[in-house]
>>> print(open('work16.tsv').read())   # TSV, C-alpha atoms and all ligand atoms
chain	number	residue	atom	x	y	z
A	1	MET	CA	84.01	30.03	95.08
A	2	SER	CA	87.17	29.41	97.14
A	3	GLY	CA	87.07	26.63	99.76
A	4	SER	CA	87.52	29.09	102.64
A	5	GLU	CA	84.68	31.41	101.65
A	6	GLN	CA	81.95	31.78	104.25
A	7	THR	CA	78.78	30.01	103.12
A	8	TYR	CA	76.52	30.30	106.17
A	9	PHE	CA	75.13	33.67	107.27
A	10	GLN	CA	72.84	34.10	110.22
A	11	LYS	CA	73.44	37.69	111.21
A	12	GLY	CA	72.88	39.66	108.03
A	13	PHE	CA	75.54	41.48	106.02
A	14	ASN	CA	75.80	44.88	107.68
A	15	LEU	CA	74.08	46.47	104.72
A	16	LYS	CA	71.24	48.06	106.68
A	17	ALA	CA	72.06	51.55	105.45
A	18	GLN	CA	71.94	50.42	101.83
A	19	VAL	CA	68.61	48.60	102.04
A	20	ARG	CA	66.78	50.90	104.44
A	21	PRO	CA	65.56	53.40	101.79
A	22	VAL	CA	64.01	50.70	99.61
A	23	LEU	CA	62.46	48.96	102.62
A	24	ALA	CA	60.96	52.25	103.79
A	25	GLN	CA	59.63	52.98	100.33
A	26	SER	CA	58.10	49.51	100.01
A	27	TYR	CA	56.61	48.89	103.42
A	28	HIS	CA	56.28	52.18	105.25
A	29	SER	CA	52.97	54.06	105.56
A	30	LYS	CA	52.38	57.75	106.27
A	31	VAL	CA	48.77	56.94	107.16
A	32	VAL	CA	49.90	54.56	109.90
A	33	ASP	CA	52.38	57.15	111.17
A	34	ARG	CA	49.57	59.67	111.30
A	35	LEU	CA	47.30	57.27	113.20
A	36	LYS	CA	50.06	56.63	115.71
A	37	GLU	CA	50.58	60.38	116.17
A	38	LEU	CA	46.87	60.73	116.86
A	39	GLY	CA	47.04	58.11	119.61
A	40	TYR	CA	45.97	55.11	117.49
A	41	ALA	CA	42.38	56.41	117.24
A	42	ALA	CA	41.17	58.95	114.70
A	43	ARG	CA	38.08	60.09	112.91
A	44	ALA	CA	37.19	61.54	109.52
A	45	GLY	CA	33.56	62.65	109.41
A	46	GLU	CA	31.33	59.77	110.51
A	47	VAL	CA	34.08	57.18	110.26
A	48	GLY	CA	36.29	56.40	113.23
A	49	VAL	CA	39.29	54.08	112.99
A	50	LYS	CA	41.07	52.58	115.91
A	51	LEU	CA	44.31	50.68	115.61
A	52	ALA	CA	45.53	48.06	118.09
A	53	ARG	CA	48.64	49.29	119.94
A	54	GLU	CA	50.67	46.34	118.67
A	55	PHE	CA	50.09	45.10	115.16
A	56	GLY	CA	51.85	44.16	111.95
A	57	PHE	CA	55.48	43.20	111.29
A	58	CYS	CA	57.13	41.46	114.26
A	59	TYR	CA	60.86	41.58	114.96
A	60	GLY	CA	61.40	38.18	113.30
A	61	VAL	CA	59.67	39.17	110.07
A	62	ASP	CA	61.34	42.57	110.00
A	63	ARG	CA	64.70	40.89	110.23
A	64	ALA	CA	63.93	38.17	107.66
A	65	VAL	CA	62.71	40.68	105.07
A	66	GLU	CA	65.70	42.93	105.66
A	67	TYR	CA	68.13	40.00	105.25
A	68	ALA	CA	66.50	39.06	101.96
A	69	TYR	CA	67.11	42.57	100.62
A	70	GLU	CA	70.63	42.55	102.05
A	71	ALA	CA	71.32	39.21	100.35
A	72	ARG	CA	70.28	40.68	97.00
A	73	GLU	CA	72.63	43.63	97.63
A	74	ARG	CA	75.51	41.42	98.75
A	75	PHE	CA	75.20	38.89	95.89
A	76	PRO	CA	74.02	40.96	92.92
A	77	ASP	CA	75.30	38.48	90.33
A	78	ARG	CA	74.20	35.21	91.86
A	79	ARG	CA	70.97	33.33	91.56
A	80	ILE	CA	69.05	33.61	94.82
A	81	PHE	CA	66.36	31.19	95.99
A	82	LEU	CA	64.04	31.23	98.92
A	83	SER	CA	62.84	28.06	100.72
A	84	GLY	CA	59.11	28.75	100.44
A	85	GLU	CA	57.47	32.07	101.18
A	86	ILE	CA	59.58	34.37	103.32
A	87	ILE	CA	56.46	35.14	105.34
A	88	HIS	CA	52.75	34.54	104.76
A	89	ASN	CA	51.99	37.75	102.97
A	90	PRO	CA	51.29	37.78	99.24
A	91	GLU	CA	52.37	41.39	98.71
A	92	VAL	CA	55.73	40.96	100.48
A	93	ASN	CA	56.41	37.72	98.62
A	94	GLY	CA	55.59	39.48	95.36
A	95	ARG	CA	58.08	42.25	96.08
A	96	ILE	CA	60.76	39.73	97.03
A	97	GLU	CA	60.19	37.92	93.74
A	98	ALA	CA	60.46	41.24	91.93
A	99	LEU	CA	64.05	41.45	93.26
A	100	GLY	CA	64.77	38.35	91.19
A	101	ILE	CA	64.60	35.99	94.18
A	102	ARG	CA	62.86	32.74	93.25
A	103	ILE	CA	60.52	31.11	95.77
A	104	LEU	CA	60.91	27.33	95.77
A	105	PRO	CA	57.59	25.64	96.52
A	106	ASP	CA	57.37	22.96	99.18
A	107	HIS	CA	58.22	19.40	98.19
A	108	ARG	CA	58.18	16.15	100.09
A	109	ARG	CA	61.87	15.54	99.44
A	110	PRO	CA	64.61	18.19	99.71
A	111	GLU	CA	66.34	16.52	96.72
A	112	ASP	CA	63.35	17.54	94.60
A	113	ARG	CA	62.82	20.97	96.11
A	114	TYR	CA	66.44	21.99	95.63
A	115	ALA	CA	67.17	20.01	92.45
A	116	GLY	CA	67.95	23.18	90.50
A	117	VAL	CA	70.18	24.75	93.17
A	118	GLU	CA	73.92	24.75	92.51
A	119	ALA	CA	76.99	25.47	94.64
A	120	THR	CA	77.28	28.97	93.22
A	121	ASP	CA	73.73	29.89	94.26
A	122	VAL	CA	72.37	31.55	97.37
A	123	VAL	CA	69.44	30.09	99.35
A	124	ILE	CA	67.53	32.13	101.93
A	125	LEU	CA	65.87	30.20	104.75
A	126	PRO	CA	62.67	31.85	106.02
A	127	ALA	CA	61.82	33.15	109.50
A	128	PHE	CA	59.94	29.91	110.31
A	129	GLY	CA	63.11	27.87	109.68
A	130	VAL	CA	63.41	24.65	107.67
A	131	PRO	CA	63.43	20.98	108.77
A	132	VAL	CA	66.74	19.47	109.84
A	133	GLY	CA	66.91	17.22	106.75
A	134	GLU	CA	66.54	20.19	104.41
A	135	LEU	CA	69.28	22.13	106.12
A	136	GLN	CA	71.62	19.14	105.93
A	137	HIS	CA	70.82	18.68	102.27
A	138	LEU	CA	71.49	22.33	101.50
A	139	ARG	CA	74.75	22.31	103.43
A	140	SER	CA	75.91	19.33	101.40
A	141	LYS	CA	75.36	21.35	98.22
A	142	GLY	CA	77.91	23.94	99.33
A	143	CYS	CA	75.72	26.88	98.30
A	144	VAL	CA	75.55	30.10	100.33
A	145	LEU	CA	72.86	29.90	103.03
A	146	VAL	CA	71.26	33.01	104.48
A	147	ASP	CA	69.44	31.71	107.52
A	148	THR	CA	66.76	34.11	108.80
A	149	THR	CA	65.20	31.65	111.28
A	150	CYS	CA	63.72	33.75	114.08
A	151	GLY	CA	65.32	33.56	117.53
A	152	SER	CA	61.93	32.73	119.05
A	153	VAL	CA	61.61	29.72	116.73
A	154	LEU	CA	65.14	28.64	117.68
A	155	ASN	CA	64.04	28.79	121.30
A	156	VAL	CA	61.22	26.31	120.63
A	157	TRP	CA	63.67	24.02	118.85
A	158	LYS	CA	65.91	24.09	121.90
A	159	ASN	CA	63.07	22.87	124.11
A	160	VAL	CA	61.96	20.16	121.68
A	161	HIS	CA	65.56	19.04	121.42
A	162	ARG	CA	65.79	18.77	125.20
A	163	TYR	CA	62.57	16.79	125.41
A	164	ALA	CA	63.91	14.29	122.88
A	165	ARG	CA	67.24	14.08	124.71
A	166	ASP	CA	65.45	13.35	128.01
A	167	GLY	CA	63.09	10.74	126.55
A	168	PHE	CA	59.96	12.93	126.28
A	169	THR	CA	57.74	12.96	123.19
A	170	SER	CA	57.05	16.51	121.99
A	171	VAL	CA	53.35	17.29	121.76
A	172	ILE	CA	53.29	20.37	119.55
A	173	HIS	CA	50.29	22.69	119.48
A	174	GLY	CA	50.51	23.62	115.83
A	175	LYS	CA	49.41	22.75	112.32
A	176	HIS	CA	51.42	19.75	111.16
A	177	TYR	CA	51.51	21.13	107.59
A	178	HIS	CA	52.79	24.58	108.60
A	179	GLU	CA	56.44	25.25	107.72
A	180	GLU	CA	57.38	26.23	111.25
A	181	THR	CA	55.73	23.18	112.84
A	182	LYS	CA	57.37	20.86	110.29
A	183	ALA	CA	60.76	22.36	111.14
A	184	THR	CA	60.09	22.17	114.88
A	185	ALA	CA	58.85	18.57	114.68
A	186	SER	CA	62.01	17.56	112.81
A	187	GLN	CA	64.05	18.65	115.84
A	188	ALA	CA	62.42	15.88	117.90
A	189	LEU	CA	63.99	13.33	115.56
A	190	THR	CA	67.55	14.47	116.16
A	191	HIS	CA	67.88	12.11	119.13
A	192	PRO	CA	67.50	8.34	118.80
A	193	GLY	CA	64.00	7.35	119.92
A	194	GLY	CA	62.72	10.95	119.69
A	195	HIS	CA	59.07	11.39	118.68
A	196	TYR	CA	56.45	14.07	118.14
A	197	LEU	CA	52.69	14.47	117.82
A	198	CYS	CA	51.09	17.67	116.49
A	199	VAL	CA	47.68	18.75	117.79
A	200	LYS	CA	46.08	21.68	116.06
A	201	ASP	CA	43.27	22.55	118.47
A	202	LEU	CA	41.36	21.62	121.62
A	203	PRO	CA	39.25	18.81	120.09
A	204	GLU	CA	42.44	17.11	118.87
A	205	ALA	CA	44.10	17.60	122.26
A	206	GLU	CA	41.05	16.03	123.88
A	207	VAL	CA	41.52	12.84	121.80
A	208	VAL	CA	45.09	12.60	123.11
A	209	CYS	CA	43.89	13.20	126.68
A	210	GLU	CA	41.30	10.45	126.37
A	211	PHE	CA	43.89	8.07	124.95
A	212	ILE	CA	46.13	8.78	127.95
A	213	ARG	CA	43.19	8.07	130.28
A	214	GLY	CA	42.64	4.77	128.49
A	215	ASN	CA	39.34	5.74	126.82
A	216	VAL	CA	40.50	5.88	123.18
A	217	PRO	CA	42.14	2.87	121.47
A	218	ALA	CA	45.66	3.33	120.05
A	219	ALA	CA	44.42	2.45	116.55
A	220	ASP	CA	41.90	5.31	116.63
A	221	LEU	CA	44.55	7.77	117.77
A	222	LEU	CA	46.93	6.65	115.04
A	223	GLN	CA	44.21	6.92	112.44
A	224	ARG	CA	43.35	10.48	113.50
A	225	PHE	CA	46.98	11.65	113.68
A	226	ARG	CA	48.51	9.63	110.85
A	227	GLU	CA	49.79	12.78	109.14
A	228	ALA	CA	50.68	14.57	112.37
A	229	ALA	CA	52.86	12.04	114.20
A	230	SER	CA	56.51	11.02	113.80
A	231	PRO	CA	57.29	7.94	111.70
A	232	GLY	CA	56.81	4.72	113.68
A	233	PHE	CA	54.81	6.52	116.38
A	234	ASP	CA	53.48	4.05	118.94
A	235	PRO	CA	50.93	5.72	121.22
A	236	GLU	CA	51.39	3.19	124.04
A	237	ARG	CA	55.13	3.67	124.11
A	238	ASP	CA	55.42	7.30	122.97
A	239	LEU	CA	52.78	8.97	125.13
A	240	GLN	CA	54.20	7.77	128.43
A	241	ARG	CA	56.27	10.93	128.87
A	242	ILE	CA	55.29	14.12	127.07
A	243	GLY	CA	56.67	17.63	126.70
A	244	LEU	CA	54.51	20.47	125.38
A	245	ALA	CA	55.62	22.99	122.78
A	246	ASN	CA	53.80	25.29	120.35
A	247	GLN	CA	54.02	26.79	116.97
A	248	THR	CA	54.95	30.32	118.03
A	249	THR	CA	51.92	31.96	116.43
A	250	MET	CA	49.00	30.02	117.89
A	251	LEU	CA	46.29	31.44	120.10
A	252	MET	CA	47.92	31.79	123.51
A	253	THR	CA	44.77	30.98	125.52
A	254	GLU	CA	44.25	27.79	123.51
A	255	SER	CA	47.87	26.71	124.00
A	256	LEU	CA	47.58	27.16	127.75
A	257	GLU	CA	44.29	25.25	127.82
A	258	ILE	CA	45.80	22.37	125.83
A	259	GLN	CA	48.75	22.32	128.19
A	260	GLU	CA	46.48	22.20	131.23
A	261	ARG	CA	44.20	19.47	129.83
A	262	LEU	CA	47.14	17.24	128.97
A	263	ARG	CA	48.64	17.82	132.39
A	264	ARG	CA	45.36	16.72	133.98
A	265	ALA	CA	45.18	13.64	131.75
A	266	VAL	CA	48.72	12.59	132.73
A	267	ARG	CA	47.85	13.16	136.39
A	268	ASP	CA	44.63	11.13	136.07
A	269	ARG	CA	46.52	8.24	134.53
A	270	TRP	CA	49.65	8.14	136.68
A	271	GLY	CA	48.91	10.30	139.71
A	272	GLU	CA	50.13	13.70	140.89
A	273	ALA	CA	53.48	12.40	142.14
A	274	ALA	CA	54.41	11.12	138.67
A	275	LEU	CA	53.90	14.48	136.95
A	276	PRO	CA	57.52	15.74	137.14
A	277	GLU	CA	58.85	12.65	135.41
A	278	ARG	CA	56.04	12.36	132.85
A	279	PHE	CA	55.01	15.88	131.93
A	280	ARG	CA	56.88	19.02	130.91
A	281	ALA	CA	55.73	22.30	129.44
A	282	PHE	CA	57.28	25.53	128.25
A	283	ASP	CA	55.40	28.50	126.97
A	284	THR	CA	56.81	28.94	123.50
A	285	ILE	CA	54.35	31.46	122.07
A	286	CYS	CA	56.66	34.28	120.96
A	287	SER	CA	56.41	37.67	122.65
A	288	ALA	CA	55.42	39.44	119.41
A	289	THR	CA	52.44	37.10	118.95
A	290	GLN	CA	51.52	37.51	122.57
A	291	ASP	CA	51.74	41.33	122.39
A	292	ARG	CA	49.46	41.43	119.33
A	293	GLN	CA	46.89	39.18	120.95
A	294	ASP	CA	46.98	41.18	124.20
A	295	ALA	CA	46.66	44.49	122.34
A	296	VAL	CA	43.60	43.42	120.37
A	297	LEU	CA	41.96	42.04	123.51
A	298	LYS	CA	42.56	45.33	125.29
A	299	MET	CA	41.10	47.28	122.40
A	300	LEU	CA	37.99	45.07	122.40
A	301	GLU	CA	37.62	45.47	126.14
A	302	GLU	CA	37.79	49.26	125.84
A	303	GLY	CA	34.66	49.01	123.65
A	304	GLY	CA	33.21	51.55	121.24
A	305	LEU	CA	33.89	49.49	118.11
A	306	ASP	CA	31.26	48.48	115.58
A	307	VAL	CA	33.29	46.13	113.37
A	308	MET	CA	36.80	44.66	113.30
A	309	VAL	CA	39.01	44.35	110.25
A	310	VAL	CA	41.93	41.94	110.69
A	311	ILE	CA	44.56	42.20	107.97
A	312	GLY	CA	46.95	39.44	106.98
A	313	GLY	CA	47.53	36.50	104.63
A	314	HIS	CA	44.82	33.85	104.90
A	315	ASN	CA	47.45	31.18	105.60
A	316	SER	CA	49.01	33.28	108.38
A	317	SER	CA	48.41	31.49	111.69
A	318	ASN	CA	48.93	34.52	113.88
A	319	THR	CA	46.46	36.57	111.80
A	320	GLN	CA	43.92	33.75	112.13
A	321	ALA	CA	44.47	33.79	115.90
A	322	LEU	CA	43.73	37.54	115.98
A	323	ALA	CA	40.52	37.00	114.02
A	324	ARG	CA	39.51	34.21	116.40
A	325	ILE	CA	39.87	36.59	119.35
A	326	CYS	CA	37.65	39.21	117.70
A	327	ALA	CA	34.96	37.12	116.01
A	328	PRO	CA	32.95	36.09	119.11
A	329	ARG	CA	32.68	39.75	120.17
A	330	LEU	CA	32.14	41.76	117.00
A	331	PRO	CA	31.46	41.32	113.29
A	332	THR	CA	35.01	40.50	112.13
A	333	TYR	CA	36.43	40.55	108.62
A	334	HIS	CA	39.79	38.88	107.97
A	335	ILE	CA	41.11	40.29	104.71
A	336	SER	CA	44.43	39.81	102.95
A	337	GLY	CA	44.68	43.40	101.71
A	338	ALA	CA	42.90	46.60	100.66
A	339	ASP	CA	41.83	45.12	97.32
A	340	ARG	CA	39.38	42.93	99.25
A	341	ILE	CA	37.24	45.97	99.96
A	342	GLN	CA	35.30	46.28	96.73
A	343	GLY	CA	32.62	48.97	96.66
A	344	ALA	CA	30.17	48.28	99.48
A	345	ALA	CA	31.26	44.62	99.68
A	346	ILE	CA	34.16	43.04	101.50
A	347	ARG	CA	35.78	39.74	100.50
A	348	HIS	CA	36.97	38.08	103.69
A	349	ARG	CA	37.65	34.70	105.18
A	350	PRO	CA	35.40	33.83	108.13
A	351	VAL	CA	37.10	32.15	111.09
A	352	GLY	CA	37.46	28.42	110.46
A	353	ALA	CA	36.47	28.67	106.77
A	354	HIS	CA	38.78	27.65	103.94
A	355	GLU	CA	37.43	30.02	101.33
A	356	GLU	CA	36.77	33.72	101.05
A	357	THR	CA	33.23	34.93	101.08
A	358	ALA	CA	31.73	38.29	100.09
A	359	THR	CA	29.62	40.31	102.52
A	360	GLU	CA	27.61	43.25	101.22
A	361	ALA	CA	26.97	46.41	103.24
A	362	TRP	CA	29.46	45.28	105.87
A	363	LEU	CA	30.08	48.82	107.10
A	364	PRO	CA	27.04	49.87	109.14
A	365	ALA	CA	25.29	53.08	108.04
A	366	GLY	CA	25.70	56.27	110.07
A	367	PRO	CA	28.50	57.00	112.52
A	368	VAL	CA	30.76	53.99	112.76
A	369	THR	CA	34.04	53.00	114.38
A	370	VAL	CA	36.21	50.35	112.78
A	371	GLY	CA	38.80	48.48	114.81
A	372	LEU	CA	41.93	47.41	112.98
A	373	THR	CA	44.74	45.02	113.60
A	374	ALA	CA	47.21	43.14	111.41
A	375	GLY	CA	49.17	39.93	111.66
A	376	ALA	CA	52.93	39.76	112.14
A	377	SER	CA	53.50	39.36	108.41
A	378	THR	CA	51.52	42.42	107.31
A	379	PRO	CA	53.53	45.52	106.42
A	380	ASN	CA	52.31	48.98	107.40
A	381	ASN	CA	51.67	50.07	103.82
A	382	VAL	CA	48.95	47.42	103.55
A	383	VAL	CA	47.36	48.64	106.79
A	384	GLY	CA	47.47	52.22	105.49
A	385	GLU	CA	45.82	51.22	102.19
A	386	VAL	CA	43.00	49.49	104.08
A	387	VAL	CA	42.37	52.65	106.12
A	388	GLU	CA	42.26	54.70	102.91
A	389	ARG	CA	39.77	52.28	101.34
A	390	ILE	CA	37.47	52.32	104.39
A	391	LEU	CA	37.42	56.11	104.53
A	392	ALA	CA	36.79	56.30	100.80
A	393	LEU	CA	33.58	54.30	101.30
A	394	ARG	CA	32.20	57.41	102.97
A	395	GLY	CA	33.88	59.86	100.64
A	396	ARG	CA	36.60	60.72	103.17
A	397	THR	CA	40.38	60.83	102.85
A	398	THR	CA	43.20	60.21	105.29
A	399	ASP	CA	44.09	63.95	105.16
A	400	GLU	CA	40.89	64.58	107.09
A	401	LEU	CA	41.86	62.34	110.00
A	402	THR	CA	41.78	64.07	113.37
A	403	ALA	CA	42.08	62.72	116.90
A	404	ALA	CA	38.97	60.76	117.91
A	501	LIG	S1	55.81	35.64	114.87
A	501	LIG	FE1	57.29	35.46	116.54
A	501	LIG	S2	58.45	33.59	116.09
A	501	LIG	FE2	57.40	34.17	114.20
A	501	LIG	S3	58.90	35.44	113.13
A	501	LIG	FE3	57.62	36.83	114.35
A	501	LIG	S4	58.75	37.14	116.25
A	501	LIG	FE4	59.57	35.32	115.25
>>> encode(input="work16.tsv", output="structure tokens")
Amino acid sequence: MSGSEQTYFQKGFNLKAQVRPVLAQSYHSKVVDRLKELGYAARAGEVGVKLAREFGFCYGVDRAVEYAYEARERFPDRRIFLSGEIIHNPEVNGRIEALGIRILPDHRRPEDRYAGVEATDVVILPAFGVPVGELQHLRSKGCVLVDTTCGSVLNVWKNVHRYARDGFTSVIHGKHYHEETKATASQALTHPGGHYLCVKDLPEAEVVCEFIRGNVPAADLLQRFREAASPGFDPERDLQRIGLANQTTMLMTESLEIQERLRRAVRDRWGEAALPERFRAFDTICSATQDRQDAVLKMLEEGGLDVMVVIGGHNSSNTQALARICAPRLPTYHISGADRIQGAAIRHRPVGAHEETATEAWLPAGPVTVGLTAGASTPNNVVGEVVERILALRGRTTDELTAA
């Protein structure tokens, strides 16, 4: 490689035309097209299916997957690696691996994760981004980097960066072990004295609120958040001024509630007048996540559904958020793909559970309408296969679908 050769790519390779046919063949679905033509609601015999108006691949995932295919096209003779899964979907990851792109599992130290990567190799960074230390390490190797970090994730980083610059600790609504949250948290450390604390849900946020009010000892807080706080985190010092951020794929209503509770706690401790200098918040849920959550809520409100099937990887946060919206209202089955519908049983992961479970006779007898949505990392072909499987349970095919 010559010294002047470009090694950092963030905008793709202008090879859309070349990769489009294979992308269409891999991820497109005629069944989904048909459902859209029929107004997102259709029926075959006694089985109705209704699709949320926004579902599946988001703009960030679309772009990341396309760049991975473009990278293969652009560097046919080089070894290509991917920092972790490109997105949380087993089928898509499998197809990417079939292109000869090797997924490097997570490791505590970048030196270990990228030990086998050489200057002549190509490394693709996923849509969730990678922590600052990993990027620096990769840059020092001199390999080609294809950075697919989503613009909405970059926007969160910008806010976290600003908080750190202005002396605010970032309180991140997110899972501290999720790739995106790890990358976002690392941004807080790019300024001297910068800190972060990750809270994954309302009960955790409540512990932080009660610490701020003086009702929880610092030692208890540290114990609870030992894996989720920045190194050297001192609750007394580092929760004096806080800025809120989120993993982009969390449940919007929960993020807003966490924001509001923390705002109240800061107000209770220091008074209303102190809020501007002690509390900041930005809504960093991405618009694609928001649109999918809004669409499924609207569909539920319209009524007429008997069960909900939510499709997406079990480790996909935004899919979990969709399932959490549906579960209190209807029997909800979060499945990773069509193969989870096995005869009259469905293998699904209940909200909050860590394992799949099988439910028999999940599809009620007689006329039934199934609501469907899919997380941002689920391609249309998977959605189409699920529809086929559901219809087949009643001996119907997608060719029989007519407007509901
Ligand atoms: S879910 Fe949002 S932030 Fe994540 S890749 Fe998609 S568009 Fe980007």
>>> closest_atom_pairs(input="work16.tsv", of="chain A", to="ligand LIG 501 (chain A)", cutoff="12 Å", atoms="all atoms listed in the file", output="JSON lines")
{"residue": "A:Phe55", "atom": "CA", "partner": "A:LIG501", "partner_atom": "S1", "distance": 11.1}
{"residue": "A:Gly56", "atom": "CA", "partner": "A:LIG501", "partner_atom": "FE3", "distance": 9.6}
{"residue": "A:Phe57", "atom": "CA", "partner": "A:LIG501", "partner_atom": "FE3", "distance": 7.4}
{"residue": "A:Cys58", "atom": "CA", "partner": "A:LIG501", "partner_atom": "FE3", "distance": 4.7}
{"residue": "A:Tyr59", "atom": "CA", "partner": "A:LIG501", "partner_atom": "S4", "distance": 5.1}
{"residue": "A:Gly60", "atom": "CA", "partner": "A:LIG501", "partner_atom": "S3", "distance": 3.7}
{"residue": "A:Val61", "atom": "CA", "partner": "A:LIG501", "partner_atom": "S3", "distance": 4.9}
{"residue": "A:Asp62", "atom": "CA", "partner": "A:LIG501", "partner_atom": "FE3", "distance": 8.1}
{"residue": "A:Arg63", "atom": "CA", "partner": "A:LIG501", "partner_atom": "S3", "distance": 8.5}
{"residue": "A:Ala64", "atom": "CA", "partner": "A:LIG501", "partner_atom": "S3", "distance": 7.9}
{"residue": "A:Val65", "atom": "CA", "partner": "A:LIG501", "partner_atom": "S3", "distance": 10.3}
{"residue": "A:Ile86", "atom": "CA", "partner": "A:LIG501", "partner_atom": "S3", "distance": 9.9}
{"residue": "A:Ile87", "atom": "CA", "partner": "A:LIG501", "partner_atom": "S3", "distance": 8.2}
{"residue": "A:His88", "atom": "CA", "partner": "A:LIG501", "partner_atom": "S3", "distance": 10.4}
{"residue": "A:Pro126", "atom": "CA", "partner": "A:LIG501", "partner_atom": "S3", "distance": 8.8}
{"residue": "A:Ala127", "atom": "CA", "partner": "A:LIG501", "partner_atom": "S3", "distance": 5.2}
{"residue": "A:Phe128", "atom": "CA", "partner": "A:LIG501", "partner_atom": "S3", "distance": 6.3}
{"residue": "A:Gly129", "atom": "CA", "partner": "A:LIG501", "partner_atom": "S3", "distance": 9.3}
{"residue": "A:Thr148", "atom": "CA", "partner": "A:LIG501", "partner_atom": "S3", "distance": 9.1}
{"residue": "A:Thr149", "atom": "CA", "partner": "A:LIG501", "partner_atom": "S3", "distance": 7.6}
{"residue": "A:Cys150", "atom": "CA", "partner": "A:LIG501", "partner_atom": "FE4", "distance": 4.6}
{"residue": "A:Gly151", "atom": "CA", "partner": "A:LIG501", "partner_atom": "FE4", "distance": 6.4}
{"residue": "A:Ser152", "atom": "CA", "partner": "A:LIG501", "partner_atom": "S2", "distance": 4.6}
{"residue": "A:Val153", "atom": "CA", "partner": "A:LIG501", "partner_atom": "S2", "distance": 5.0}
{"residue": "A:Leu154", "atom": "CA", "partner": "A:LIG501", "partner_atom": "S2", "distance": 8.5}
{"residue": "A:Asn155", "atom": "CA", "partner": "A:LIG501", "partner_atom": "S2", "distance": 9.0}
{"residue": "A:Val156", "atom": "CA", "partner": "A:LIG501", "partner_atom": "S2", "distance": 9.0}
{"residue": "A:Trp157", "atom": "CA", "partner": "A:LIG501", "partner_atom": "S2", "distance": 11.2}
{"residue": "A:Glu179", "atom": "CA", "partner": "A:LIG501", "partner_atom": "FE2", "distance": 11.1}
{"residue": "A:Glu180", "atom": "CA", "partner": "A:LIG501", "partner_atom": "FE2", "distance": 8.5}
{"residue": "A:Thr181", "atom": "CA", "partner": "A:LIG501", "partner_atom": "FE2", "distance": 11.2}
{"residue": "A:Thr184", "atom": "CA", "partner": "A:LIG501", "partner_atom": "S2", "distance": 11.6}
{"residue": "A:Asn246", "atom": "CA", "partner": "A:LIG501", "partner_atom": "S2", "distance": 10.4}
{"residue": "A:Gln247", "atom": "CA", "partner": "A:LIG501", "partner_atom": "S2", "distance": 8.2}
{"residue": "A:Thr248", "atom": "CA", "partner": "A:LIG501", "partner_atom": "S2", "distance": 5.2}
{"residue": "A:Thr249", "atom": "CA", "partner": "A:LIG501", "partner_atom": "S1", "distance": 5.6}
{"residue": "A:Met250", "atom": "CA", "partner": "A:LIG501", "partner_atom": "S1", "distance": 9.3}
{"residue": "A:Leu251", "atom": "CA", "partner": "A:LIG501", "partner_atom": "S1", "distance": 11.6}
{"residue": "A:Thr284", "atom": "CA", "partner": "A:LIG501", "partner_atom": "S2", "distance": 8.9}
{"residue": "A:Ile285", "atom": "CA", "partner": "A:LIG501", "partner_atom": "FE1", "distance": 7.4}
{"residue": "A:Cys286", "atom": "CA", "partner": "A:LIG501", "partner_atom": "FE1", "distance": 4.6}
{"residue": "A:Ser287", "atom": "CA", "partner": "A:LIG501", "partner_atom": "FE1", "distance": 6.6}
{"residue": "A:Ala288", "atom": "CA", "partner": "A:LIG501", "partner_atom": "S4", "distance": 5.1}
{"residue": "A:Thr289", "atom": "CA", "partner": "A:LIG501", "partner_atom": "S1", "distance": 5.5}
{"residue": "A:Gln290", "atom": "CA", "partner": "A:LIG501", "partner_atom": "FE1", "distance": 8.6}
{"residue": "A:Asp291", "atom": "CA", "partner": "A:LIG501", "partner_atom": "FE1", "distance": 10.0}
{"residue": "A:Arg292", "atom": "CA", "partner": "A:LIG501", "partner_atom": "S1", "distance": 9.7}
{"residue": "A:Gln293", "atom": "CA", "partner": "A:LIG501", "partner_atom": "S1", "distance": 11.4}
{"residue": "A:Ser316", "atom": "CA", "partner": "A:LIG501", "partner_atom": "S1", "distance": 9.7}
{"residue": "A:Ser317", "atom": "CA", "partner": "A:LIG501", "partner_atom": "S1", "distance": 9.1}
{"residue": "A:Asn318", "atom": "CA", "partner": "A:LIG501", "partner_atom": "S1", "distance": 7.0}
{"residue": "A:Thr319", "atom": "CA", "partner": "A:LIG501", "partner_atom": "S1", "distance": 9.9}
{"residue": "A:Ala321", "atom": "CA", "partner": "A:LIG501", "partner_atom": "S1", "distance": 11.5}
{"residue": "A:Ala374", "atom": "CA", "partner": "A:LIG501", "partner_atom": "S1", "distance": 11.9}
{"residue": "A:Gly375", "atom": "CA", "partner": "A:LIG501", "partner_atom": "S1", "distance": 8.5}
{"residue": "A:Ala376", "atom": "CA", "partner": "A:LIG501", "partner_atom": "S1", "distance": 5.7}
{"residue": "A:Ser377", "atom": "CA", "partner": "A:LIG501", "partner_atom": "FE3", "distance": 7.7}
{"residue": "A:Thr378", "atom": "CA", "partner": "A:LIG501", "partner_atom": "FE3", "distance": 10.9}
>>> atom_distance(input="work16.tsv", atom1="CA of Leu297 (chain A)", atom2="CA of Cys326 (chain A)")
7.8 Å
>>> residues_around(input="work16.tsv", residues="Ala229 (chain A)", least_positions_apart="5", cutoff="8 Å", atoms="only C-alpha atoms", output="list in words")
His195, Tyr196, Leu197 and Cys198 of chain A
>>> residues_around(input="work16.tsv", residues="Glu85 (chain A)", least_positions_apart="2", cutoff="10 Å", atoms="all atoms listed in the file", output="list of chain:residue names")
A:Leu82, A:Ser83, A:Ile87, A:His88, A:Asn89, A:Pro90, A:Val92, A:Asn93, A:Gly94, A:Ile96, A:Glu97, A:Arg102, A:Ile103, A:Leu104, A:Pro105, A:Asp106, A:Leu125, A:Pro126, A:Ala127, A:Phe128, A:Glu179
